[in-house]
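Worksheet: the structure to be examined is printed underneath.
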Amino acid sequence: MKIKVLGNRVADVKLRIYEPPRFFEGLLRGRHFTEAPDITARICGICPVAYQMSAIHAMEAACGVEVDGPIRDLRRLLYCGEWIESHVLHIAMLHAPDFLGYASALDMAKDHPETVTRALQLKKIGNGIVACVGGREIHPVNVRVGGFYRAPAKRDLLGLVPGLEAAHEIARDLLKWVSTFSFPDFETDAEFVALRHPDEYPFNEGRLVSTKGLDIPVADFEKHVIEEHVAHSNALHAHLAERGPYFVGPLARYNINFDRLPAGIRTQASDAGLGSTVKNPFKSIVVRAVEVLYAVEEALRIIRDYEPPVRPFVEVTPRPATGAGCTEAPRGILYHRYRLGPDGLIADARIVPPTSQNQKIIEDDLKRFVEAHLALPDDQLTLRCEQAIRNYDPCISCATHFLKLDVERE
Amino acid sequence: MKIGSHRTRRGADATRKPTLAVFKLASCDGCQLAILDCEDELLALSGAVEVANFAEASRAIQKGPYDISLVEGSVTTPHDAERIHEIRRQSRTLITIGACATAGGIQALRNFTDVAELARAVYASPDYLSTLSKSTPIVEHVFVDYQLRGCPIDKRQLLEVLTAFLHGRKPAVSTASVCLECKRRGTPCVMVAHGTPCLGPVTQAGCGAICPAYDRGCYACFGPAETANTASVATLWGAMGAAAPDLVRAFRTFNAAAEPFRRESELHERTPG
């Protein structure tokens with residue numbers, strides 16, 4: 001990360017991401033439309049379900065297929081598992097150690113063994129859902145365009161219930177615990193963007209809505225979002241046309257969909273000190289804990305009501321058309337768009353992951369945050385910057401652990 | 001699983017815990033995540049080894065050399081081609097984890113096409129990029145002590161390999177095919193029973209034969225099994241209706257650059273229609 005300081009003002013912040021490029025959008029050309037969920041899952045081992053979900057929704061949109069009933073519920077259930085697993089990994093293994101001054105969760109475990117052990121247990125229960133519905137935790141094998149290869153039996157899902165009941169208590173305690181952390185006095189007035197569904201907290205469906213008036217169907221995403229390739233990073237930067245940078249992820253989902261959370265969850269959020277709008281990115285850790293609690297309750301509800309579908313998938317016939325899909329990855333909206341040729345092969349693909357959408361906001365946050373803390377020595381400043389970057393749970397969590405801060409003071 | 005104590009190879013300090021480092025090159029992070037997914041064993045593991053360098057999990061980074069280094073990802077940039085030599089110099093034992101590190105991964109699909117064209121498909125300014133024309137496994141660059149397969153790796157196999165190296169024994173990892181795992185699991189053959197094309201006969205075991213248990217054919221994420229008869233499987237697939245382009249795609253996924261799969265896919269690329 002490069003920071004340019006002029007006197008007591010930060011002139012410029014550049015977060016350089018040199019993750020080796022892998023050219024997924026190029027590699028997808030010429031692949032069969034049924035292959036997209038398995039191939040794109042490999043973009044991120046931490047949120048493969050998100051990639052599979054966005055891919056299948058885009059393909060189904062292209063082919064004019066809508067999936068409802070138990071298959072739709074199973075998709076939500078699978079997503080619950082990924083949110084729990086990914087959020088708890090981030091909360092307990094990555095972000096909490098920043099707040100409490102530990103280098104890692106393993107160090108934190110020496111002083112807080114019970115908390116870390118229980119968090120690992122909670123994470124495991126999330127992974128258990130993904131393994132049961134998806135076949136395995138990382139890069140699940142059971143998702144296909146149109147549904148699943150095999151629908152789990154009711155008794156398979158009932159086997160998850162005792163774990164989820166235990167998870168409910170752990171998630172409540174986790175929420176209480178993170179709400180006691182001390183949060184820097186810092187707010188953003190960024191435009192928040194998330195999916196909004198008529199009656200659910202969003203996973204797979206809804207319109208793209210912002211806190212400043214944007215309200216568009218997913219298919220219009222590219223009319224409004226502009227991606228730029230900047231010289232200092234291999235991650236593309238996104239912004240809204242004529243509006244500027246925007247903020248995606250748990251905070252955006254929460255701010256836009258607070259009224260879609262069940263009353264009980266809203267009360268627990270309020271007990272944890274959150275209003276209906278949260279503008280402090282450092283409090284994203286608390287919002288993540290709220291979403292974990294929601295995902296646990298939602299998973300229990302889906303399992304209770306589940307009756308296996310007659311067939312685990314609906315037949316999808318490819319046609320030459322373009323389809324877009326956008327779903328809520330743990331770190332925010334993930335957009336896929338595919339153009340199919342007459343042979344069912346992908347002619348063109350576009351993927352916009354949440355981290356590239358947040359990148360401009362992260363740089364803006366860092367600029368203001370660093371400006372307010374210029375008096376800190378560089379090593380302290382580095383730690384604080386890492387913590388601020390992790391507010392966004394970027395897929396580059398690893399990169400931010402060896403954040404090299406380059407401060408040029410003039 | 002008991003991870004247990006360790007005899008240090010240097011012998012100078014028998015009480016010193018062996019050090020573990022985890023490195024990432026071009027990859028999805030999934031294989032290192034498998035370490036953190038060992039929820040029940042993680043704290044025991046961190047008791048048995050000193051986690052000295054694991055950027056995904058800790059900001060405390062100790063200098064090498066390390067007793068065991070796990071390397072995830074393939075070499076795709078000039079920078080990583082240099083870096084892997086430095087990692088090797090810092091590692092007493094170097095274990096590659098996953099399909100990217102052992103076979104080049106999904107990004108090795110670039111090996112069959114023009115990388116400049118791929119770059120133009122994704123990036124507005126390909127000139128900003130510094131990338132190699134091929135994605136290559138670690139073993140093409142440095143000596144590797146052990147290669148663990150899978151996209152992603154299986155965490156039970158990972159624990160077995162770590163335990164084995166900590167105790168100075170050979171890992172008990174099967175090189176048989178997925179078919180054996182289906183038989184052991186009691187899963188009826190999806191090719192025989194349902195006519196579903198499956199790569200299980202030519203794919204190394206290790207996943208637990210998950211796909212056939214979920215009513216789909218194996219898609220070879222653990223790479224070629226020892227003595228994989230790819231030609232025979234291709235004939236079976238042909239009888240089930242697969243055309244040459246289908247076979248090319250089937251062999252070109254997450255282990256596309258692994259020798260038997262590369263050879264077989266190129267054979268069908270030359271076959272008309």
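We label chains A, B, ... in the order they appear in the structure tokens, count residues from 1 in each chain, and number ligands from 1 in the order shown.
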Sorted by chain and rising residue number, which residues of chain A lie within 7 Å of chain B, and what are their closest atom pairs and distances in Å to one decimal, counting only C-alpha atoms, as a tab-separated table?
residue	atom	partner	partner_atom	distance
A:Pro20	CA	B:Ala26	CA	5.5
A:Arg22	CA	B:Gln107	CA	5.5
A:Phe23	CA	B:Leu118	CA	6.2
A:Glu25	CA	B:Val122	CA	6.0
A:Gly26	CA	B:Leu118	CA	4.9
A:Leu27	CA	B:Leu109	CA	6.7
A:Arg42	CA	B:Cys28	CA	5.9
A:Ile43	CA	B:Cys28	CA	5.5
A:Cys44	CA	B:Cys28	CA	4.6
A:Gly45	CA	B:Gly30	CA	3.6
A:Ile46	CA	B:Gly30	CA	6.1
A:Met93	CA	B:Ala57	CA	6.7
A:Leu94	CA	B:Ala57	CA	6.6
A:Ala103	CA	B:Arg59	CA	5.1
A:Ser104	CA	B:Ser58	CA	4.4
A:Leu120	CA	B:Glu39	CA	5.4
A:Gln121	CA	B:Glu39	CA	6.8
A:Lys124	CA	B:Glu39	CA	6.3
A:Gly135	CA	B:Ile210	CA	6.4
A:Ile138	CA	B:Gly30	CA	6.4
A:His139	CA	B:Pro152	CA	6.9
A:Val141	CA	B:Cys211	CA	6.3
A:Asn142	CA	B:Tyr214	CA	6.5
A:Tyr149	CA	B:Asp215	CA	5.9
A:Arg150	CA	B:Tyr214	CA	5.4
A:His229	CA	B:Ala124	CA	6.0
A:Ala231	CA	B:Tyr128	CA	5.7
A:Ser397	CA	B:Glu56	CA	6.3
A:Cys398	CA	B:Glu56	CA	4.1
A:His401	CA	B:Arg59	CA	5.0
A:Phe402	CA	B:Ala55	CA	6.7
Selected residues written out, N, CA, C and O atoms, as a tab-separated table (two decimals), in the first residue's frame:
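Resulting contents of part-v4.tsv:
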chain	number	residue	atom	x	y	z
A	20	PRO	N	-1.71	-12.84	-8.93
A	20	PRO	CA	-1.46	-13.22	-10.33
A	20	PRO	C	-2.76	-13.37	-11.10
A	20	PRO	O	-3.67	-14.06	-10.64
A	22	ARG	N	-5.61	-14.72	-13.51
A	22	ARG	CA	-5.89	-16.08	-13.97
A	22	ARG	C	-6.82	-16.12	-15.17
A	22	ARG	O	-7.10	-17.17	-15.71
A	23	PHE	N	-7.37	-14.98	-15.58
A	23	PHE	CA	-8.12	-14.85	-16.85
A	23	PHE	C	-9.36	-15.72	-16.95
A	23	PHE	O	-9.64	-16.30	-18.01
A	25	GLU	N	-12.53	-15.06	-17.20
A	25	GLU	CA	-13.53	-14.70	-18.21
A	25	GLU	C	-13.08	-15.16	-19.60
A	25	GLU	O	-13.91	-15.55	-20.42
A	26	GLY	N	-11.79	-15.14	-19.84
A	26	GLY	CA	-11.26	-15.63	-21.11
A	26	GLY	C	-11.34	-17.14	-21.20
A	26	GLY	O	-11.74	-17.70	-22.22
A	27	LEU	N	-11.00	-17.82	-20.09
A	27	LEU	CA	-10.98	-19.29	-20.08
A	27	LEU	C	-12.38	-19.88	-20.27
A	27	LEU	O	-12.54	-21.01	-20.72
A	42	ARG	N	-13.78	-22.06	-8.69
A	42	ARG	CA	-12.33	-22.02	-8.45
A	42	ARG	C	-11.78	-20.61	-8.43
A	42	ARG	O	-10.57	-20.42	-8.26
A	43	ILE	N	-12.63	-19.61	-8.63
A	43	ILE	CA	-12.11	-18.25	-8.48
A	43	ILE	C	-11.82	-18.00	-7.00
A	43	ILE	O	-10.83	-17.36	-6.66
A	44	CYS	N	-12.69	-18.53	-6.12
A	44	CYS	CA	-12.46	-18.29	-4.70
A	44	CYS	C	-12.81	-19.52	-3.88
A	44	CYS	O	-13.95	-19.94	-3.85
A	45	GLY	N	-11.82	-20.07	-3.20
A	45	GLY	CA	-12.04	-21.23	-2.35
A	45	GLY	C	-12.76	-20.88	-1.06
A	45	GLY	O	-13.19	-21.77	-0.33
A	46	ILE	N	-12.89	-19.58	-0.76
A	46	ILE	CA	-13.55	-19.18	0.48
A	46	ILE	C	-15.04	-18.98	0.25
A	46	ILE	O	-15.84	-19.19	1.14
A	93	MET	N	-11.25	-15.75	13.14
A	93	MET	CA	-9.87	-16.07	12.78
A	93	MET	C	-9.10	-14.86	12.26
A	93	MET	O	-7.89	-14.83	12.30
A	94	LEU	N	-9.79	-13.88	11.70
A	94	LEU	CA	-9.08	-12.78	11.06
A	94	LEU	C	-9.29	-11.42	11.73
A	94	LEU	O	-8.34	-10.69	11.98
A	103	ALA	N	-1.81	-11.33	17.01
A	103	ALA	CA	-1.32	-11.51	15.65
A	103	ALA	C	-2.18	-12.50	14.89
A	103	ALA	O	-2.28	-12.46	13.67
A	104	SER	N	-2.81	-13.43	15.61
A	104	SER	CA	-3.63	-14.44	14.93
A	104	SER	C	-4.62	-15.05	15.91
A	104	SER	O	-4.51	-14.85	17.13
A	120	LEU	N	-14.82	-22.15	16.28
A	120	LEU	CA	-14.47	-23.21	15.33
A	120	LEU	C	-15.62	-24.20	15.20
A	120	LEU	O	-15.91	-24.70	14.11
A	121	GLN	N	-16.28	-24.46	16.31
A	121	GLN	CA	-17.43	-25.37	16.30
A	121	GLN	C	-18.55	-24.80	15.41
A	121	GLN	O	-19.15	-25.51	14.60
A	124	LYS	N	-17.66	-25.04	11.84
A	124	LYS	CA	-17.80	-26.43	11.40
A	124	LYS	C	-19.26	-26.76	11.08
A	124	LYS	O	-19.53	-27.52	10.13
A	135	GLY	N	-22.04	-31.69	-0.99
A	135	GLY	CA	-21.13	-32.82	-1.19
A	135	GLY	C	-19.78	-32.64	-0.52
A	135	GLY	O	-19.20	-33.60	-0.04
A	138	ILE	N	-15.38	-27.29	0.38
A	138	ILE	CA	-14.75	-26.39	-0.57
A	138	ILE	C	-15.02	-26.95	-1.97
A	138	ILE	O	-14.84	-28.14	-2.21
A	139	HIS	N	-15.46	-26.07	-2.88
A	139	HIS	CA	-15.84	-26.47	-4.23
A	139	HIS	C	-16.84	-27.64	-4.23
A	139	HIS	O	-16.56	-28.76	-4.68
A	141	VAL	N	-19.82	-30.20	-5.11
A	141	VAL	CA	-19.97	-30.89	-6.39
A	141	VAL	C	-21.43	-31.07	-6.81
A	141	VAL	O	-21.71	-31.53	-7.92
A	142	ASN	N	-22.37	-30.73	-5.92
A	142	ASN	CA	-23.75	-31.12	-6.16
A	142	ASN	C	-24.59	-30.06	-6.89
A	142	ASN	O	-25.72	-30.31	-7.26
A	149	TYR	N	-27.67	-32.23	-8.50
A	149	TYR	CA	-27.55	-33.58	-9.04
A	149	TYR	C	-28.40	-34.54	-8.20
A	149	TYR	O	-29.08	-35.41	-8.71
A	150	ARG	N	-28.34	-34.37	-6.88
A	150	ARG	CA	-29.13	-35.22	-6.00
A	150	ARG	C	-29.70	-34.37	-4.88
A	150	ARG	O	-28.97	-33.60	-4.25
A	229	HIS	N	-9.54	-0.60	-15.31
A	229	HIS	CA	-8.28	-1.27	-15.04
A	229	HIS	C	-7.24	-0.21	-14.74
A	229	HIS	O	-6.85	0.55	-15.61
A	231	ALA	N	-3.45	1.10	-13.34
A	231	ALA	CA	-2.08	0.59	-13.46
A	231	ALA	C	-1.57	-0.01	-12.17
A	231	ALA	O	-0.76	-0.93	-12.19
A	397	SER	N	-7.57	-11.33	1.87
A	397	SER	CA	-7.24	-11.30	3.30
A	397	SER	C	-5.77	-11.64	3.51
A	397	SER	O	-5.08	-11.04	4.32
A	398	CYS	N	-5.33	-12.61	2.75
A	398	CYS	CA	-3.95	-13.04	2.88
A	398	CYS	C	-3.01	-11.90	2.54
A	398	CYS	O	-2.08	-11.60	3.27
A	401	HIS	N	-2.34	-9.44	5.16
A	401	HIS	CA	-1.55	-9.85	6.32
A	401	HIS	C	-0.07	-9.53	6.14
A	401	HIS	O	0.67	-9.48	7.08
A	402	PHE	N	0.33	-9.38	4.88
A	402	PHE	CA	1.69	-8.86	4.75
A	402	PHE	C	1.67	-7.52	4.05
A	402	PHE	O	2.42	-7.24	3.15
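The gap separating atom CA of Ala50 of chain A from atom CA of Pro330 of chain A is 7.8 Å, in Å to one decimal.
Once Lys63 of chain B and its same-chain neighbours fewer than 5 positions away are set aside, Thr19, Leu20, Ala21, Val51, Ala52, Asn53, Phe54, Ile87, Gln90 and Ser91 of chain B remain within 12 Å of it when counting only C-alpha atoms.
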Quiz item: Can you list, as a ChimeraX atom specification, every residue of segment 79-263 of chain B that DSSP puts in helix (DSSP H, G or I)?
Solution: /B:79-89,99-103,106-112,115-122,126-128,138-140,155-166,178-185,190-194,200-202,210-213,230-239,244-251,259-263
Keeping only C-alpha atoms, write those residues as a PDB file, in the first residue's frame.
ATOM      1  CA  HIS B  79       7.952 -12.886  -9.977  1.00  0.00           C
ATOM      2  CA  ASP B  80       6.581 -16.231  -8.718  1.00  0.00           C
ATOM      3  CA  ALA B  81       9.086 -18.127 -10.879  1.00  0.00           C
ATOM      4  CA  GLU B  82      11.809 -16.424  -8.822  1.00  0.00           C
ATOM      5  CA  ARG B  83       9.950 -16.615  -5.540  1.00  0.00           C
ATOM      6  CA  ILE B  84       9.547 -20.396  -5.631  1.00  0.00           C
ATOM      7  CA  HIS B  85      13.335 -20.794  -5.587  1.00  0.00           C
ATOM      8  CA  GLU B  86      13.551 -18.599  -2.504  1.00  0.00           C
ATOM      9  CA  ILE B  87      10.758 -20.650  -0.870  1.00  0.00           C
ATOM     10  CA  ARG B  88      12.672 -23.858  -1.692  1.00  0.00           C
ATOM     11  CA  ARG B  89      15.857 -22.441  -0.146  1.00  0.00           C
ATOM     12  CA  ALA B  99      -4.178 -29.224  -8.325  1.00  0.00           C
ATOM     13  CA  CYS B 100      -2.673 -25.785  -9.048  1.00  0.00           C
ATOM     14  CA  ALA B 101       0.625 -26.567  -7.323  1.00  0.00           C
ATOM     15  CA  THR B 102       0.872 -30.146  -8.608  1.00  0.00           C
ATOM     16  CA  ALA B 103      -0.543 -29.760 -12.151  1.00  0.00           C
ATOM     17  CA  ILE B 106      -7.521 -24.441 -14.029  1.00  0.00           C
ATOM     18  CA  GLN B 107      -5.345 -21.484 -15.046  1.00  0.00           C
ATOM     19  CA  ALA B 108      -3.236 -23.955 -17.070  1.00  0.00           C
ATOM     20  CA  LEU B 109      -6.015 -23.812 -19.688  1.00  0.00           C
ATOM     21  CA  ARG B 110      -3.934 -20.867 -20.915  1.00  0.00           C
ATOM     22  CA  ASN B 111      -1.277 -23.383 -21.965  1.00  0.00           C
ATOM     23  CA  PHE B 112      -3.528 -24.422 -24.852  1.00  0.00           C
ATOM     24  CA  VAL B 115      -2.306 -15.781 -23.279  1.00  0.00           C
ATOM     25  CA  ALA B 116      -2.276 -12.293 -24.829  1.00  0.00           C
ATOM     26  CA  GLU B 117      -5.705 -12.952 -26.287  1.00  0.00           C
ATOM     27  CA  LEU B 118      -6.986 -14.129 -22.892  1.00  0.00           C
ATOM     28  CA  ALA B 119      -5.620 -10.993 -21.274  1.00  0.00           C
ATOM     29  CA  ARG B 120      -7.425  -8.827 -23.809  1.00  0.00           C
ATOM     30  CA  ALA B 121     -10.690 -10.662 -23.028  1.00  0.00           C
ATOM     31  CA  VAL B 122     -10.441  -9.676 -19.358  1.00  0.00           C
ATOM     32  CA  PRO B 126      -3.172  -5.873 -20.719  1.00  0.00           C
ATOM     33  CA  ASP B 127       0.101  -3.912 -20.802  1.00  0.00           C
ATOM     34  CA  TYR B 128      -0.201  -3.369 -17.043  1.00  0.00           C
ATOM     35  CA  ILE B 138       5.984 -26.297  -8.711  1.00  0.00           C
ATOM     36  CA  VAL B 139       7.856 -29.489  -9.578  1.00  0.00           C
ATOM     37  CA  GLU B 140       8.836 -27.988 -12.941  1.00  0.00           C
ATOM     38  CA  LYS B 155      -8.268 -32.311   4.744  1.00  0.00           C
ATOM     39  CA  ARG B 156      -7.946 -35.869   6.098  1.00  0.00           C
ATOM     40  CA  GLN B 157      -5.210 -36.539   3.567  1.00  0.00           C
ATOM     41  CA  LEU B 158      -3.531 -33.271   4.531  1.00  0.00           C
ATOM     42  CA  LEU B 159      -3.481 -34.274   8.207  1.00  0.00           C
ATOM     43  CA  GLU B 160      -2.110 -37.696   7.247  1.00  0.00           C
ATOM     44  CA  VAL B 161       0.698 -36.146   5.191  1.00  0.00           C
ATOM     45  CA  LEU B 162       1.631 -33.654   7.925  1.00  0.00           C
ATOM     46  CA  THR B 163       1.565 -36.367  10.578  1.00  0.00           C
ATOM     47  CA  ALA B 164       3.699 -38.635   8.399  1.00  0.00           C
ATOM     48  CA  PHE B 165       6.353 -35.985   7.761  1.00  0.00           C
ATOM     49  CA  LEU B 166       6.405 -34.981  11.430  1.00  0.00           C
ATOM     50  CA  VAL B 178     -11.771 -43.341  -7.692  1.00  0.00           C
ATOM     51  CA  CYS B 179     -13.440 -46.616  -8.749  1.00  0.00           C
ATOM     52  CA  LEU B 180     -11.936 -48.290  -5.708  1.00  0.00           C
ATOM     53  CA  GLU B 181     -13.512 -45.687  -3.439  1.00  0.00           C
ATOM     54  CA  CYS B 182     -16.928 -46.198  -5.065  1.00  0.00           C
ATOM     55  CA  LYS B 183     -16.657 -49.938  -4.461  1.00  0.00           C
ATOM     56  CA  ARG B 184     -15.633 -49.364  -0.856  1.00  0.00           C
ATOM     57  CA  ARG B 185     -18.506 -46.949  -0.371  1.00  0.00           C
ATOM     58  CA  VAL B 190     -22.830 -44.477 -12.530  1.00  0.00           C
ATOM     59  CA  MET B 191     -21.503 -45.484 -15.959  1.00  0.00           C
ATOM     60  CA  VAL B 192     -22.812 -49.034 -15.783  1.00  0.00           C
ATOM     61  CA  ALA B 193     -26.055 -48.330 -13.915  1.00  0.00           C
ATOM     62  CA  HIS B 194     -27.083 -44.956 -15.392  1.00  0.00           C
ATOM     63  CA  GLY B 200     -13.438 -42.089 -12.032  1.00  0.00           C
ATOM     64  CA  PRO B 201     -11.474 -44.934 -13.726  1.00  0.00           C
ATOM     65  CA  VAL B 202      -8.612 -42.552 -14.644  1.00  0.00           C
ATOM     66  CA  ILE B 210     -18.183 -37.877  -3.703  1.00  0.00           C
ATOM     67  CA  CYS B 211     -19.550 -37.170  -7.191  1.00  0.00           C
ATOM     68  CA  PRO B 212     -20.883 -40.663  -7.978  1.00  0.00           C
ATOM     69  CA  ALA B 213     -22.458 -40.704  -4.511  1.00  0.00           C
ATOM     70  CA  THR B 230      -7.424 -42.453 -20.685  1.00  0.00           C
ATOM     71  CA  ALA B 231      -7.885 -43.911 -24.189  1.00  0.00           C
ATOM     72  CA  SER B 232     -10.143 -46.650 -22.864  1.00  0.00           C
ATOM     73  CA  VAL B 233     -12.296 -44.200 -20.921  1.00  0.00           C
ATOM     74  CA  ALA B 234     -12.537 -41.964 -23.979  1.00  0.00           C
ATOM     75  CA  THR B 235     -13.870 -44.951 -25.967  1.00  0.00           C
ATOM     76  CA  LEU B 236     -16.473 -45.644 -23.261  1.00  0.00           C
ATOM     77  CA  TRP B 237     -17.509 -41.977 -23.293  1.00  0.00           C
ATOM     78  CA  GLY B 238     -17.790 -42.101 -27.080  1.00  0.00           C
ATOM     79  CA  ALA B 239     -20.151 -45.065 -26.806  1.00  0.00           C
ATOM     80  CA  ALA B 244     -14.503 -35.145 -29.597  1.00  0.00           C
ATOM     81  CA  PRO B 245     -15.024 -31.568 -28.280  1.00  0.00           C
ATOM     82  CA  ASP B 246     -16.764 -33.019 -25.200  1.00  0.00           C
ATOM     83  CA  LEU B 247     -13.714 -35.189 -24.547  1.00  0.00           C
ATOM     84  CA  VAL B 248     -11.358 -32.254 -24.982  1.00  0.00           C
ATOM     85  CA  ARG B 249     -13.295 -30.277 -22.394  1.00  0.00           C
ATOM     86  CA  ALA B 250     -13.611 -33.253 -20.023  1.00  0.00           C
ATOM     87  CA  PHE B 251      -9.837 -33.760 -19.869  1.00  0.00           C
ATOM     88  CA  GLU B 259       0.591 -35.296 -18.734  1.00  0.00           C
ATOM     89  CA  PRO B 260      -1.961 -38.124 -19.376  1.00  0.00           C
ATOM     90  CA  PHE B 261      -4.857 -35.643 -19.515  1.00  0.00           C
ATOM     91  CA  ARG B 262      -2.966 -33.179 -21.726  1.00  0.00           C
ATOM     92  CA  ARG B 263      -2.051 -35.941 -24.174  1.00  0.00           C
TER      93      ARG B 263
END
Exercise. Pick out the residues sitting within 9 Å of Val296 of chain A, and hand them over as a count of residues only; count only C-alpha atoms, and ignore anything fewer than 3 positions along from it in its own chain.
Key: 15
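Our summary of the geometry notes that atom CA of Arg169 of chain B is positioned 17.6 Å from atom CA of Leu45 of chain B.
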Quiz prompt | Spatial neighbours of Leu6 of chain A, 12 Å, only C-alpha atoms, chain gap at least 2 places, as a list in words | solution = Ile3, Lys4, Asn8, Arg9, Val10, Ala11, Asp12, Val13, Glu371, Leu374, Val407, Glu408, Arg409 and Glu410 of chain A
Practice problem: Extract, using only C-alpha atoms, all DNA, RNA and protein residues at most 7 Å from His224 of chain A, discarding same-chain residues fewer than 2 positions from it, and format them as an NGL selection string. | Solution: :A and (220-222 or 226 or 240-241)
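By only C-alpha atoms, and with residues fewer than 6 positions from segment 212-219 of chain A along its chain excluded, the set lying at most 8 Å from it is A:Glu191, A:Phe192, A:Gly206, A:Gly323, A:Ala324, A:Gly325, A:Cys326.
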Take the residues just selected and output them with all heavy atoms as a compact mmCIF listing (two decimals), in the first residue's frame.
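Final file, selection-v3.txt:
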# COMPACT_ATOMS: atom_id res chain seq x y z
N GLU A 191 -22.35 5.32 -0.76
CA GLU A 191 -23.60 4.74 -1.25
C GLU A 191 -23.52 3.22 -1.07
O GLU A 191 -22.63 2.57 -1.60
CB GLU A 191 -23.77 5.10 -2.74
CG GLU A 191 -25.02 4.53 -3.37
CD GLU A 191 -25.41 5.26 -4.66
OE1 GLU A 191 -24.61 6.06 -5.17
OE2 GLU A 191 -26.53 4.99 -5.14
N PHE A 192 -24.47 2.67 -0.30
CA PHE A 192 -24.48 1.22 -0.07
C PHE A 192 -25.34 0.55 -1.15
O PHE A 192 -26.43 1.04 -1.45
CB PHE A 192 -25.07 0.91 1.30
CG PHE A 192 -24.20 1.36 2.45
CD1 PHE A 192 -24.45 2.57 3.09
CD2 PHE A 192 -23.14 0.58 2.88
CE1 PHE A 192 -23.66 2.98 4.16
CE2 PHE A 192 -22.34 0.98 3.94
CZ PHE A 192 -22.59 2.19 4.58
N GLY A 206 -33.53 -10.64 -6.15
CA GLY A 206 -33.97 -9.30 -5.78
C GLY A 206 -33.50 -8.29 -6.79
O GLY A 206 -32.84 -8.63 -7.78
N GLY A 323 -27.63 -13.84 -20.32
CA GLY A 323 -28.29 -13.86 -19.02
C GLY A 323 -27.37 -13.35 -17.93
O GLY A 323 -26.17 -13.59 -17.97
N ALA A 324 -27.96 -12.63 -16.97
CA ALA A 324 -27.18 -12.10 -15.86
C ALA A 324 -27.69 -12.66 -14.55
O ALA A 324 -28.88 -12.97 -14.42
CB ALA A 324 -27.27 -10.57 -15.84
N GLY A 325 -26.79 -12.82 -13.61
CA GLY A 325 -27.17 -13.27 -12.27
C GLY A 325 -26.36 -12.50 -11.25
O GLY A 325 -25.20 -12.15 -11.50
N CYS A 326 -26.99 -12.20 -10.11
CA CYS A 326 -26.26 -11.50 -9.07
C CYS A 326 -26.74 -12.06 -7.73
O CYS A 326 -27.94 -12.14 -7.50
CB CYS A 326 -26.56 -10.00 -9.15
SG CYS A 326 -25.57 -9.03 -8.02
Practice problem: Please measure the separation of atom CA of Arg149 of chain B and atom CA of Gly64 of chain B, giving the value in Å to one decimal. | Solution: 25.5 Å
